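Raw contents of data34.txt, compact mmCIF, C-alpha atoms:
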# COMPACT_ATOMS: atom_id res chain seq x y z
CA MET T 1 -10.50 -41.32 -54.35
CA GLN T 2 -10.34 -42.68 -50.88
CA THR T 3 -8.09 -40.91 -48.41
CA PRO T 4 -5.90 -43.30 -46.49
CA ASN T 5 -6.95 -43.44 -42.89
CA PRO T 6 -3.93 -44.44 -40.79
CA ILE T 7 -4.24 -45.46 -37.19
CA ARG T 8 -4.56 -42.33 -35.10
CA TYR T 9 -2.92 -41.38 -31.81
CA ASP T 10 -4.79 -42.66 -28.74
CA ASN T 11 -7.14 -40.39 -26.81
CA VAL T 12 -4.72 -39.63 -23.98
CA ALA T 13 -1.95 -38.62 -26.40
CA ILE T 14 -4.41 -36.42 -28.30
CA LEU T 15 -5.73 -34.79 -25.14
CA LEU T 16 -2.22 -34.09 -23.84
CA HIS T 17 -1.09 -32.72 -27.21
CA TRP T 18 -3.91 -30.19 -27.49
CA LEU T 19 -3.79 -29.26 -23.82
CA VAL T 20 -0.07 -28.51 -24.03
CA ALA T 21 -0.63 -26.66 -27.33
CA LEU T 22 -3.27 -24.46 -25.72
CA VAL T 23 -1.14 -23.64 -22.66
CA ILE T 24 2.00 -23.01 -24.75
CA VAL T 25 0.29 -20.65 -27.20
CA GLY T 26 -1.57 -18.83 -24.42
CA ASN T 27 1.47 -18.53 -22.19
CA PHE T 28 3.67 -17.34 -25.05
CA ALA T 29 1.16 -14.57 -25.83
CA LEU T 30 0.96 -13.72 -22.12
CA GLY T 31 4.74 -13.49 -21.87
CA VAL T 32 4.97 -11.18 -24.88
CA TYR T 33 2.16 -9.02 -23.50
CA MET T 34 3.15 -8.76 -19.85
CA HIS T 35 6.86 -7.99 -20.00
CA GLU T 36 6.38 -4.44 -21.28
CA LEU T 37 3.64 -3.54 -18.80
CA GLN T 38 4.08 -0.86 -16.18
CA LEU T 39 4.54 -2.28 -12.68
CA THR T 40 1.11 -2.79 -11.12
CA PRO T 41 -0.49 -5.51 -8.98
CA TRP T 42 -1.99 -6.77 -12.25
CA LYS T 43 1.49 -7.26 -13.69
CA LEU T 44 2.62 -9.17 -10.59
CA LYS T 45 -0.44 -11.40 -10.91
CA LEU T 46 0.25 -12.04 -14.59
CA TYR T 47 3.87 -12.96 -13.86
CA SER T 48 2.76 -15.47 -11.24
CA TRP T 49 0.16 -16.98 -13.57
CA HIS T 50 2.73 -17.14 -16.36
CA LYS T 51 5.10 -19.08 -14.10
CA TRP T 52 2.37 -21.45 -12.95
CA ALA T 53 1.42 -22.12 -16.58
CA GLY T 54 5.10 -22.69 -17.40
CA VAL T 55 5.47 -25.26 -14.61
CA SER T 56 2.30 -26.90 -15.94
CA VAL T 57 3.84 -27.17 -19.42
CA PHE T 58 6.90 -28.82 -17.91
CA LEU T 59 4.76 -31.36 -16.01
CA LEU T 60 2.52 -32.05 -19.01
CA ALA T 61 5.59 -32.49 -21.22
CA ALA T 62 6.98 -35.02 -18.74
CA LEU T 63 3.64 -36.81 -18.79
CA ARG T 64 3.68 -36.82 -22.59
CA ILE T 65 7.19 -38.31 -22.67
CA ALA T 66 6.12 -41.03 -20.26
CA TRP T 67 2.98 -41.74 -22.28
CA ARG T 68 4.85 -41.69 -25.56
CA ALA T 69 7.48 -44.11 -24.22
CA THR T 70 4.82 -46.62 -23.26
CA HIS T 71 2.34 -46.11 -26.12
CA ARG T 72 3.53 -46.56 -29.67
CA PRO T 73 2.48 -43.74 -31.98
CA PRO T 74 1.17 -44.50 -35.47
CA ALA T 75 3.87 -44.77 -38.12
CA LEU T 76 4.22 -42.08 -40.75
CA PRO T 77 2.63 -43.09 -44.09
CA ASP T 78 4.82 -44.74 -46.75
CA SER T 79 3.77 -42.01 -49.17
CA MET T 80 6.13 -39.63 -47.34
CA PRO T 81 9.66 -39.31 -48.72
CA GLU T 82 12.43 -40.34 -46.36
CA TRP T 83 13.75 -36.80 -45.98
CA GLN T 84 10.32 -35.59 -44.90
CA LYS T 85 10.10 -38.36 -42.32
CA ALA T 86 13.53 -37.36 -41.04
CA VAL T 87 12.48 -33.71 -40.80
CA ALA T 88 9.25 -34.70 -39.04
CA HIS T 89 11.08 -36.82 -36.45
CA GLY T 90 13.73 -34.15 -35.96
CA GLY T 91 11.07 -31.49 -35.51
CA HIS T 92 9.19 -33.57 -32.97
CA HIS T 93 12.36 -34.19 -30.97
CA LEU T 94 13.08 -30.47 -31.05
CA LEU T 95 9.55 -29.68 -29.85
CA TYR T 96 9.93 -32.07 -26.92
CA MET T 97 13.26 -30.52 -25.98
CA LEU T 98 11.83 -27.02 -26.20
CA MET T 99 8.81 -27.98 -24.07
CA PHE T 100 11.37 -28.52 -21.29
CA ALA T 101 13.85 -25.81 -22.24
CA VAL T 102 11.29 -23.00 -22.19
CA PRO T 103 9.99 -23.53 -18.63
CA VAL T 104 13.44 -24.47 -17.29
CA THR T 105 15.03 -21.24 -18.59
CA GLY T 106 12.12 -19.27 -17.14
CA TRP T 107 12.56 -20.95 -13.78
CA LEU T 108 16.33 -20.35 -13.73
CA MET T 109 15.79 -16.72 -14.75
CA SER T 110 13.31 -16.21 -11.91
CA SER T 111 15.72 -17.70 -9.40
CA ALA T 112 18.60 -15.51 -10.58
CA LEU T 113 16.38 -12.42 -10.42
CA GLY T 114 15.49 -13.30 -6.83
CA VAL T 115 11.83 -14.15 -7.27
CA GLN T 116 11.23 -17.79 -6.52
CA THR T 117 8.63 -19.77 -8.46
CA VAL T 118 5.85 -20.97 -6.15
CA TYR T 119 3.47 -23.25 -8.07
CA PHE T 120 -0.07 -21.94 -7.65
CA GLY T 121 1.25 -19.85 -4.76
CA VAL T 122 1.46 -23.02 -2.68
CA LEU T 123 4.30 -25.27 -3.80
CA PRO T 124 7.74 -23.62 -3.81
CA ILE T 125 10.00 -24.86 -6.60
CA PRO T 126 13.53 -24.84 -5.15
CA ASP T 127 15.94 -22.27 -6.56
CA LEU T 128 18.80 -23.98 -8.38
CA LEU T 129 20.57 -20.64 -8.79
CA GLY T 130 21.20 -17.98 -6.20
CA LYS T 131 20.32 -14.35 -6.75
CA ASN T 132 22.63 -12.92 -9.39
CA LYS T 133 21.46 -9.90 -11.33
CA GLU T 134 23.82 -10.23 -14.31
CA LEU T 135 23.08 -13.92 -14.72
CA GLY T 136 19.38 -13.07 -14.44
CA GLU T 137 19.64 -10.56 -17.28
CA THR T 138 21.49 -13.12 -19.41
CA LEU T 139 18.87 -15.78 -18.69
CA LYS T 140 16.17 -13.31 -19.65
CA VAL T 141 17.69 -13.20 -23.15
CA VAL T 142 18.11 -16.98 -23.18
CA HIS T 143 14.45 -17.45 -22.20
CA GLU T 144 13.43 -15.08 -24.99
CA VAL T 145 15.58 -16.76 -27.64
CA VAL T 146 14.39 -20.24 -26.65
CA ASN T 147 10.80 -18.99 -26.78
CA PHE T 148 11.06 -17.49 -30.25
CA THR T 149 12.78 -20.69 -31.41
CA MET T 150 9.81 -22.57 -29.99
CA ALA T 151 7.41 -20.22 -31.77
CA ALA T 152 9.19 -20.81 -35.08
CA VAL T 153 9.21 -24.59 -34.67
CA VAL T 154 5.54 -24.65 -33.58
CA LEU T 155 4.65 -22.55 -36.60
CA GLY T 156 6.55 -24.96 -38.87
CA HIS T 157 4.81 -27.88 -37.12
CA ALA T 158 1.36 -26.36 -37.72
CA LEU T 159 2.12 -25.40 -41.34
CA ALA T 160 3.41 -28.92 -42.03
CA ALA T 161 0.21 -30.41 -40.58
CA LEU T 162 -1.90 -28.14 -42.79
CA LYS T 163 0.23 -28.97 -45.83
CA HIS T 164 -0.29 -32.68 -45.17
CA HIS T 165 -4.02 -32.11 -44.83
CA TYR T 166 -4.76 -29.76 -47.69
CA LYS T 167 -2.02 -30.67 -50.18
CA ASP T 168 -0.96 -34.25 -49.52
CA HIS T 169 -4.36 -35.54 -48.25
CA ASP T 170 -2.47 -38.25 -46.36
CA GLY T 171 -4.47 -38.17 -43.12
CA ILE T 172 -1.53 -36.96 -40.99
CA LEU T 173 -3.56 -34.21 -39.34
CA SER T 174 -6.42 -36.59 -38.55
CA ARG T 175 -4.06 -38.78 -36.53
CA MET T 176 -3.88 -36.00 -33.95
CA ALA T 177 -7.20 -34.31 -34.78
CA PRO T 178 -9.60 -37.17 -35.58
CA TRP T 179 -12.52 -34.70 -35.74
CA ILE T 180 -10.91 -33.22 -38.87
CA ARG T 181 -11.39 -35.47 -41.86
CA MET Y 182 37.79 -25.09 44.93
CA LYS Y 183 34.32 -24.37 43.65
CA MET Y 184 34.74 -20.73 44.66
CA ILE Y 185 38.03 -20.43 42.78
CA VAL Y 186 36.44 -21.81 39.61
CA THR Y 187 33.55 -19.41 39.95
CA LEU Y 188 35.95 -16.55 40.48
CA ALA Y 189 38.08 -17.58 37.50
CA LEU Y 190 35.00 -17.79 35.28
CA GLY Y 191 33.89 -14.43 36.54
CA LEU Y 192 37.23 -12.87 35.73
CA ALA Y 193 37.33 -14.46 32.31
CA ALA Y 194 33.92 -13.02 31.56
CA LEU Y 195 34.84 -9.57 32.77
CA PRO Y 196 36.62 -8.09 29.73
CA ALA Y 197 33.65 -8.90 27.48
CA LEU Y 198 31.19 -7.51 29.97
CA ALA Y 199 33.24 -4.43 30.64
CA ALA Y 200 33.24 -3.25 27.05
CA GLU Y 201 30.89 -0.47 26.16
CA TYR Y 202 29.70 0.13 22.67
CA ALA Y 203 28.94 3.52 21.28
CA GLY Y 204 28.42 5.04 17.87
CA PHE Y 205 27.73 3.11 14.70
CA SER Y 206 29.63 0.90 12.25
CA PRO Y 207 27.75 1.08 8.94
CA ALA Y 208 30.16 -1.30 7.20
CA LYS Y 209 29.30 -4.04 9.70
CA SER Y 210 25.59 -3.31 9.60
CA GLN Y 211 22.81 -4.43 7.29
CA VAL Y 212 19.15 -3.63 6.84
CA GLU Y 213 17.23 -6.16 4.77
CA PHE Y 214 13.59 -6.97 4.26
CA VAL Y 215 11.42 -9.78 3.00
CA SER Y 216 8.17 -8.82 1.31
CA THR Y 217 5.66 -11.31 -0.01
CA GLN Y 218 4.31 -11.05 -3.55
CA MET Y 219 1.68 -13.53 -4.67
CA ASN Y 220 2.73 -15.73 -1.74
CA VAL Y 221 6.38 -15.59 -2.83
CA PRO Y 222 8.87 -14.21 -0.29
CA VAL Y 223 11.18 -11.72 -2.02
CA LYS Y 224 14.32 -10.40 -0.33
CA GLY Y 225 15.62 -6.87 -0.62
CA ARG Y 226 17.86 -4.46 1.24
CA PHE Y 227 18.59 -0.84 1.93
CA GLY Y 228 21.97 0.46 0.80
CA ARG Y 229 22.21 3.62 2.92
CA PHE Y 230 21.40 4.08 6.58
CA ASP Y 231 22.92 5.58 9.65
CA GLY Y 232 22.54 4.94 13.33
CA GLN Y 233 23.54 5.60 16.86
CA ILE Y 234 23.95 2.87 19.44
CA GLY Y 235 24.86 3.16 23.09
CA PHE Y 236 25.08 -0.16 24.88
CA ASP Y 237 26.81 -1.46 27.96
CA PRO Y 238 26.17 -5.19 28.52
CA ALA Y 239 26.58 -4.54 32.27
CA LYS Y 240 23.68 -2.06 32.18
CA PRO Y 241 21.55 -3.26 29.28
CA THR Y 242 18.41 -1.40 30.34
CA ASP Y 243 20.27 1.88 29.74
CA GLY Y 244 20.87 0.83 26.14
CA LYS Y 245 19.77 3.11 23.35
CA ALA Y 246 19.51 2.70 19.61
CA ARG Y 247 18.48 4.95 16.78
CA LEU Y 248 18.44 3.98 13.13
CA GLU Y 249 17.74 6.16 10.11
CA VAL Y 250 17.19 4.44 6.80
CA GLU Y 251 17.38 6.33 3.52
CA LEU Y 252 14.37 4.91 1.75
CA ALA Y 253 15.51 5.91 -1.73
CA SER Y 254 18.41 3.47 -1.29
CA ILE Y 255 16.05 0.50 -1.49
CA GLU Y 256 17.20 -2.44 -3.58
CA THR Y 257 14.32 -4.75 -4.37
CA GLY Y 258 16.28 -6.57 -7.05
CA LEU Y 259 14.15 -5.10 -9.83
CA GLU Y 260 14.80 -1.57 -11.03
CA GLU Y 261 11.19 -0.85 -11.91
CA ALA Y 262 10.19 -1.90 -8.39
CA ASP Y 263 12.88 0.35 -6.84
CA ALA Y 264 11.42 3.30 -8.72
CA GLU Y 265 7.85 2.34 -7.89
CA VAL Y 266 8.32 2.00 -4.12
CA ALA Y 267 10.10 5.37 -3.94
CA GLY Y 268 6.96 6.94 -5.44
CA ALA Y 269 3.92 8.60 -3.89
CA ASP Y 270 1.91 5.38 -3.38
CA TRP Y 271 4.70 3.80 -1.35
CA PHE Y 272 7.42 5.58 0.62
CA ASP Y 273 6.86 8.97 -0.98
CA VAL Y 274 10.58 9.69 -0.56
CA ALA Y 275 10.17 13.21 -1.93
CA ASN Y 276 8.30 14.15 1.25
CA HIS Y 277 9.53 11.44 3.64
CA PRO Y 278 13.08 10.51 2.70
CA LYS Y 279 13.85 8.56 5.86
CA ALA Y 280 12.42 5.84 8.05
CA VAL Y 281 13.47 6.22 11.67
CA PHE Y 282 13.57 3.71 14.49
CA GLU Y 283 14.14 4.97 18.00
CA SER Y 284 14.37 2.64 20.97
CA ASN Y 285 12.40 3.33 24.12
CA SER Y 286 13.44 0.43 26.31
CA VAL Y 287 15.75 -2.57 26.35
CA THR Y 288 14.75 -5.68 28.31
CA PRO Y 289 17.29 -8.48 28.87
CA LEU Y 290 15.84 -11.89 28.05
CA GLY Y 291 18.92 -13.84 29.06
CA ASN Y 292 21.42 -15.68 26.92
CA GLN Y 293 22.54 -12.51 25.09
CA ALA Y 294 19.02 -11.83 23.87
CA TYR Y 295 17.22 -8.55 24.41
CA ARG Y 296 13.78 -7.27 23.66
CA ILE Y 297 13.95 -3.77 22.24
CA ASP Y 298 10.76 -1.74 22.25
CA GLY Y 299 10.73 1.41 20.24
CA THR Y 300 8.99 3.62 17.77
CA LEU Y 301 9.15 3.27 14.03
CA THR Y 302 8.32 6.27 11.88
CA VAL Y 303 7.68 5.79 8.19
CA ARG Y 304 5.92 8.23 5.88
CA GLY Y 305 5.19 10.51 8.82
CA THR Y 306 3.37 7.80 10.76
CA SER Y 307 4.78 6.51 14.04
CA GLN Y 308 3.93 3.08 15.42
CA PRO Y 309 5.33 1.10 18.34
CA VAL Y 310 7.43 -1.90 17.35
CA SER Y 311 9.01 -4.62 19.43
CA THR Y 312 11.91 -6.74 18.33
CA GLU Y 313 14.03 -9.46 19.84
CA ALA Y 314 17.72 -8.97 19.16
CA ARG Y 315 20.68 -11.19 19.80
CA PHE Y 316 23.85 -9.48 20.92
CA SER Y 317 27.37 -10.62 20.17
CA GLU Y 318 30.83 -9.20 20.10
CA GLN Y 319 32.60 -9.48 16.75
CA ASP Y 320 36.04 -8.01 16.05
CA GLY Y 321 35.77 -5.23 18.57
CA ALA Y 322 32.23 -4.30 17.68
CA GLY Y 323 28.99 -4.96 19.48
CA VAL Y 324 26.50 -6.43 17.03
CA PHE Y 325 22.74 -6.71 17.38
CA THR Y 326 20.97 -9.12 15.05
CA GLY Y 327 17.25 -9.59 14.83
CA SER Y 328 14.05 -9.06 12.93
CA PHE Y 329 10.50 -7.85 13.30
CA VAL Y 330 7.40 -7.77 11.18
CA MET Y 331 5.84 -4.46 10.23
CA LYS Y 332 2.47 -4.02 8.64
CA ARG Y 333 3.08 -1.67 5.72
CA LYS Y 334 -0.50 -0.40 5.60
CA ASP Y 335 -0.26 0.80 9.21
CA PHE Y 336 2.18 3.35 7.83
CA GLY Y 337 0.28 4.06 4.62
CA VAL Y 338 2.95 2.31 2.56
CA GLY Y 339 1.43 0.90 -0.63
CA GLN Y 340 -1.69 2.90 -1.33
CA GLY Y 341 -4.23 2.98 -4.13
CA ILE Y 342 -4.02 -0.10 -6.34
CA TRP Y 343 -1.27 -1.44 -4.08
CA GLY Y 344 -3.65 -1.65 -1.12
CA ASP Y 345 -4.57 -5.14 -2.35
CA THR Y 346 -2.71 -7.31 0.16
CA SER Y 347 -3.46 -10.48 -1.81
CA VAL Y 348 -0.77 -9.35 -4.27
CA VAL Y 349 1.72 -7.64 -1.96
CA ALA Y 350 1.20 -8.83 1.60
CA ASN Y 351 0.66 -6.35 4.41
CA GLU Y 352 3.34 -8.01 6.54
CA VAL Y 353 6.93 -7.14 5.70
CA GLU Y 354 9.75 -8.70 7.66
CA ILE Y 355 12.61 -6.37 8.51
CA ARG Y 356 15.94 -8.06 9.25
CA TYR Y 357 18.76 -6.09 10.72
CA GLN Y 358 22.33 -6.39 11.83
CA LEU Y 359 23.46 -3.24 13.61
CA ALA Y 360 26.97 -2.77 14.91
CA ALA Y 361 28.70 -0.23 17.11
CA PRO Y 362 32.43 -0.03 17.88
CA ALA Y 363 33.72 -0.77 21.38
CA ARG Y 364 34.65 2.34 23.24
Take the structure from the file and write it as structure tokens.
Amino acid sequence: MQTPNPIRYDNVAILLHWLVALVIVGNFALGVYMHELQLTPWKLKLYSWHKWAGVSVFLLAALRIAWRATHRPPALPDSMPEWQKAVAHGGHHLLYMLMFAVPVTGWLMSSALGVQTVYFGVLPIPDLLGKNKELGETLKVVHEVVNFTMAAVVLGHALAALKHHYKDHDGILSRMAPWIR
Amino acid sequence: MKMIVTLALGLAALPALAAEYAGFSPAKSQVEFVSTQMNVPVKGRFGRFDGQIGFDPAKPTDGKARLEVELASIETGLEEADAEVAGADWFDVANHPKAVFESNSVTPLGNQAYRIDGTLTVRGTSQPVSTEARFSEQDGAGVFTGSFVMKRKDFGVGQGIWGDTSVVANEVEIRYQLAAPAR
């Protein structure tokens, strides 16, 4: 039986997808690891790196939106039921929203806690919020909730891709990972 | 005519110049600082401090100021940092609860500005500091506002792993507003 081989995403879209995936997974793990650490210079370094990575996710997500808007992605295969297509589109929209929501909540939280975000220690990102401890504590929870939502959706996204590859054999995974056949 | 105007201006200026300021008004005073972490300026303040000011704008060079800051009252904005900087590597408040500034001389710079040279003692180490302050009268109080930069390592503040100035910079800006009631 021949597996259908739909048109894949273009190289730029693929590069951006995996780059963002790598930074998101790494930065999520870093965030979970660092927040319980005792206060040391190492912790302050990690927090800065975490923020820089978060700003990078935001910028890469913006780049992905721009690329996506100007480069048509391959259509989902006709073998997929309509409800699955709807779930896939909904999930992708949610992922795009979360790619912005996660860094934005982190940035707002930093501002409210009184520690500005300075990209790579060079470019200060303006504070939208003034220092406000209670708001900062609230935003800490918001940042956490948004992150674990992101983790759940990413997990669903990855499991769906594997299901398409190993169960449905419909070439969905190969559209974004052409090296996997 | 010109003389009358000069005289009138002189008289108008007299009440302000005549006032003498003595004591300290903690409610109208503030001690804040800006430290730099990973190239990010972070503001904080001290909640408790006391002082003694004696200042007569007519004889500024006789002016005197003393400020004692309770270091345990630091508010960095992060509780874990408040606890850390009170500890042995930083202020060591158990052995050195207060930072003290004592003026040695006041030099008028004109336009209500004064250079105040004095001695700052933190953690048992004394270093000369110089600061430019602006003087103003606000609601019956004489108020000095200014700032200076201290190098924390000159006082042994931030030792051990915290000696790495690429994470927490050596330079810390101290901003103050110190008020004394009119006598």
* To do: For segment 136-148 of chain T, please output as a VMD selection string all residues within 9 Å (counting all atoms listed in the file; exclusion window: fewer than 2 positions along the same chain).
  => chain T and resid 28 98 101 to 106 108 to 114 131 to 134 150 to 153
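The spacing separating atom CA of His169 of chain T from atom CA of Trp83 of chain T amounts to 18.3 Å.
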Taking all atoms listed in the file into account and nothing else, which residues of chain Y lie no more than 7 Å away from chain T? Please answer as an mmCIF file with C-alpha atoms, in the coordinates of the input.
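What ended up in part23.cif:
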data_model
loop_
_atom_site.group_PDB
_atom_site.id
_atom_site.type_symbol
_atom_site.label_atom_id
_atom_site.label_comp_id
_atom_site.auth_asym_id
_atom_site.auth_seq_id
_atom_site.Cartn_x
_atom_site.Cartn_y
_atom_site.Cartn_z
ATOM 1 C CA MET Y 219 1.680 -13.530 -4.670
ATOM 2 C CA ASN Y 220 2.730 -15.730 -1.740
ATOM 3 C CA VAL Y 221 6.380 -15.590 -2.830
ATOM 4 C CA VAL Y 223 11.180 -11.720 -2.020
ATOM 5 C CA GLY Y 258 16.280 -6.570 -7.050
ATOM 6 C CA GLU Y 261 11.190 -0.850 -11.910
ATOM 7 C CA ILE Y 342 -4.020 -0.100 -6.340
ATOM 8 C CA TRP Y 343 -1.270 -1.440 -4.080
ATOM 9 C CA VAL Y 348 -0.770 -9.350 -4.270
#
Contacts of Pro207 of chain Y at 9 Å or less, counting only C-alpha atoms, minus same-chain residues fewer than 5 places along, as a PDB file with C-alpha atoms, in the coordinates of the input?
ATOM      1  CA  ARG Y 229      22.210   3.620   2.920  1.00  0.00           C
ATOM      2  CA  PHE Y 230      21.400   4.080   6.580  1.00  0.00           C
ATOM      3  CA  ASP Y 231      22.920   5.580   9.650  1.00  0.00           C
ATOM      4  CA  GLY Y 232      22.540   4.940  13.330  1.00  0.00           C
ATOM      5  CA  LEU Y 359      23.460  -3.240  13.610  1.00  0.00           C
ATOM      6  CA  ALA Y 360      26.970  -2.770  14.910  1.00  0.00           C
ATOM      7  CA  ALA Y 361      28.700  -0.230  17.110  1.00  0.00           C
TER       8      ALA Y 361
END
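Between atom CA of Pro77 of chain T and atom CA of Ser174 of chain T the separation is 12.4 Å.
Omitting Asp298 of chain Y and its sequence neighbours fewer than 6 positions away, and counting all atoms listed in the file, the residues within 8 Å are Y:Ser284, Y:Asn285, Y:Ser286, Y:Val287, Y:Pro309, Y:Val310, Y:Ser311, Y:Thr312.
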What box, with edges along x, y and z, holds each listed atom of segment 228-240 of chain Y when 8 Å is added on every side, and can you state its centre and edge lengths in Å to one decimal, as AutoDock Vina command-line options?
--center_x 24.1 --center_y 0.2 --center_z 16.5 --size_x 21.4 --size_y 26.8 --size_z 47.5
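Atom to atom, atom CA of Tyr295 of chain Y and atom CA of Arg247 of chain Y stand 15.6 Å apart.
Compared by their closest atoms to Arg333 of chain Y, and using all atoms listed in the file, the residues Y:His277, Y:Lys209, Y:Arg304, Y:Arg296 rank with Y:Arg304 nearest.
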* To do: Would you kindly return, as a PyMOL selection string, each protein, DNA or RNA residue with an atom no farther than 12 Å from any atom of Glu213 of chain Y, considering only C-alpha atoms and excluding same-chain residues fewer than 3 positions away?
  => chain Y and resi 210+216+223-230+250+252+254-258+326-330+353-359
List as an mmCIF file with C-alpha atoms, keeping the file's coordinate frame the protein and nucleic acid residues near His92 of chain T, meaning an atom at most 10 Å away when only C-alpha atoms are counted, but skip any in the same chain fewer than 5 places from it.
data_model
loop_
_atom_site.group_PDB
_atom_site.id
_atom_site.type_symbol
_atom_site.label_atom_id
_atom_site.label_comp_id
_atom_site.auth_asym_id
_atom_site.auth_seq_id
_atom_site.Cartn_x
_atom_site.Cartn_y
_atom_site.Cartn_z
ATOM 1 C CA ALA T 86 13.530 -37.360 -41.040
ATOM 2 C CA VAL T 87 12.480 -33.710 -40.800
ATOM 3 C CA MET T 97 13.260 -30.520 -25.980
ATOM 4 C CA LEU T 98 11.830 -27.020 -26.200
ATOM 5 C CA VAL T 153 9.210 -24.590 -34.670
ATOM 6 C CA VAL T 154 5.540 -24.650 -33.580
ATOM 7 C CA HIS T 157 4.810 -27.880 -37.120
#
For segment 238-254 of chain Y of the structure just presented, write N, CA and C atoms to a file, as a PDB file, in the first residue's frame.
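In the end it all went to part.pdb:
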ATOM      1  N   PRO Y 238      20.355  78.130  55.422  1.00  0.00           N
ATOM      2  CA  PRO Y 238      20.738  78.523  54.054  1.00  0.00           C
ATOM      3  C   PRO Y 238      21.640  79.756  54.021  1.00  0.00           C
ATOM      4  N   ALA Y 239      21.594  80.570  55.107  1.00  0.00           N
ATOM      5  CA  ALA Y 239      22.449  81.763  55.153  1.00  0.00           C
ATOM      6  C   ALA Y 239      23.900  81.375  55.466  1.00  0.00           C
ATOM      7  N   LYS Y 240      24.069  80.229  56.118  1.00  0.00           N
ATOM      8  CA  LYS Y 240      25.425  79.766  56.461  1.00  0.00           C
ATOM      9  C   LYS Y 240      25.562  78.287  56.073  1.00  0.00           C
ATOM     10  N   PRO Y 241      25.485  78.025  54.771  1.00  0.00           N
ATOM     11  CA  PRO Y 241      25.421  76.622  54.333  1.00  0.00           C
ATOM     12  C   PRO Y 241      26.641  75.799  54.742  1.00  0.00           C
ATOM     13  N   THR Y 242      27.808  76.449  54.806  1.00  0.00           N
ATOM     14  CA  THR Y 242      29.007  75.656  55.097  1.00  0.00           C
ATOM     15  C   THR Y 242      29.017  75.118  56.531  1.00  0.00           C
ATOM     16  N   ASP Y 243      28.140  75.691  57.384  1.00  0.00           N
ATOM     17  CA  ASP Y 243      28.009  75.156  58.749  1.00  0.00           C
ATOM     18  C   ASP Y 243      27.040  73.979  58.808  1.00  0.00           C
ATOM     19  N   GLY Y 244      26.430  73.657  57.668  1.00  0.00           N
ATOM     20  CA  GLY Y 244      25.422  72.595  57.638  1.00  0.00           C
ATOM     21  C   GLY Y 244      25.976  71.241  58.052  1.00  0.00           C
ATOM     22  N   LYS Y 245      25.097  70.471  58.677  1.00  0.00           N
ATOM     23  CA  LYS Y 245      25.505  69.136  59.132  1.00  0.00           C
ATOM     24  C   LYS Y 245      24.383  68.154  58.833  1.00  0.00           C
ATOM     25  N   ALA Y 246      24.745  66.946  58.521  1.00  0.00           N
ATOM     26  CA  ALA Y 246      23.724  65.916  58.306  1.00  0.00           C
ATOM     27  C   ALA Y 246      24.253  64.567  58.760  1.00  0.00           C
ATOM     28  N   ARG Y 247      23.374  63.824  59.394  1.00  0.00           N
ATOM     29  CA  ARG Y 247      23.715  62.460  59.790  1.00  0.00           C
ATOM     30  C   ARG Y 247      22.503  61.596  59.479  1.00  0.00           C
ATOM     31  N   LEU Y 248      22.758  60.448  58.892  1.00  0.00           N
ATOM     32  CA  LEU Y 248      21.657  59.555  58.542  1.00  0.00           C
ATOM     33  C   LEU Y 248      22.016  58.141  58.972  1.00  0.00           C
ATOM     34  N   GLU Y 249      21.069  57.500  59.647  1.00  0.00           N
ATOM     35  CA  GLU Y 249      21.268  56.104  60.052  1.00  0.00           C
ATOM     36  C   GLU Y 249      20.172  55.272  59.415  1.00  0.00           C
ATOM     37  N   VAL Y 250      20.579  54.290  58.651  1.00  0.00           N
ATOM     38  CA  VAL Y 250      19.606  53.450  57.947  1.00  0.00           C
ATOM     39  C   VAL Y 250      19.599  52.057  58.563  1.00  0.00           C
ATOM     40  N   GLU Y 251      18.411  51.613  58.946  1.00  0.00           N
ATOM     41  CA  GLU Y 251      18.277  50.248  59.475  1.00  0.00           C
ATOM     42  C   GLU Y 251      18.252  49.281  58.300  1.00  0.00           C
ATOM     43  N   LEU Y 252      19.335  48.542  58.155  1.00  0.00           N
ATOM     44  CA  LEU Y 252      19.511  47.734  56.950  1.00  0.00           C
ATOM     45  C   LEU Y 252      18.516  46.583  56.846  1.00  0.00           C
ATOM     46  N   ALA Y 253      18.036  46.101  57.992  1.00  0.00           N
ATOM     47  CA  ALA Y 253      17.060  45.006  57.953  1.00  0.00           C
ATOM     48  C   ALA Y 253      15.725  45.458  57.372  1.00  0.00           C
ATOM     49  N   SER Y 254      15.541  46.789  57.246  1.00  0.00           N
ATOM     50  CA  SER Y 254      14.269  47.294  56.714  1.00  0.00           C
ATOM     51  C   SER Y 254      14.285  47.386  55.185  1.00  0.00           C
TER      52      SER Y 254
END
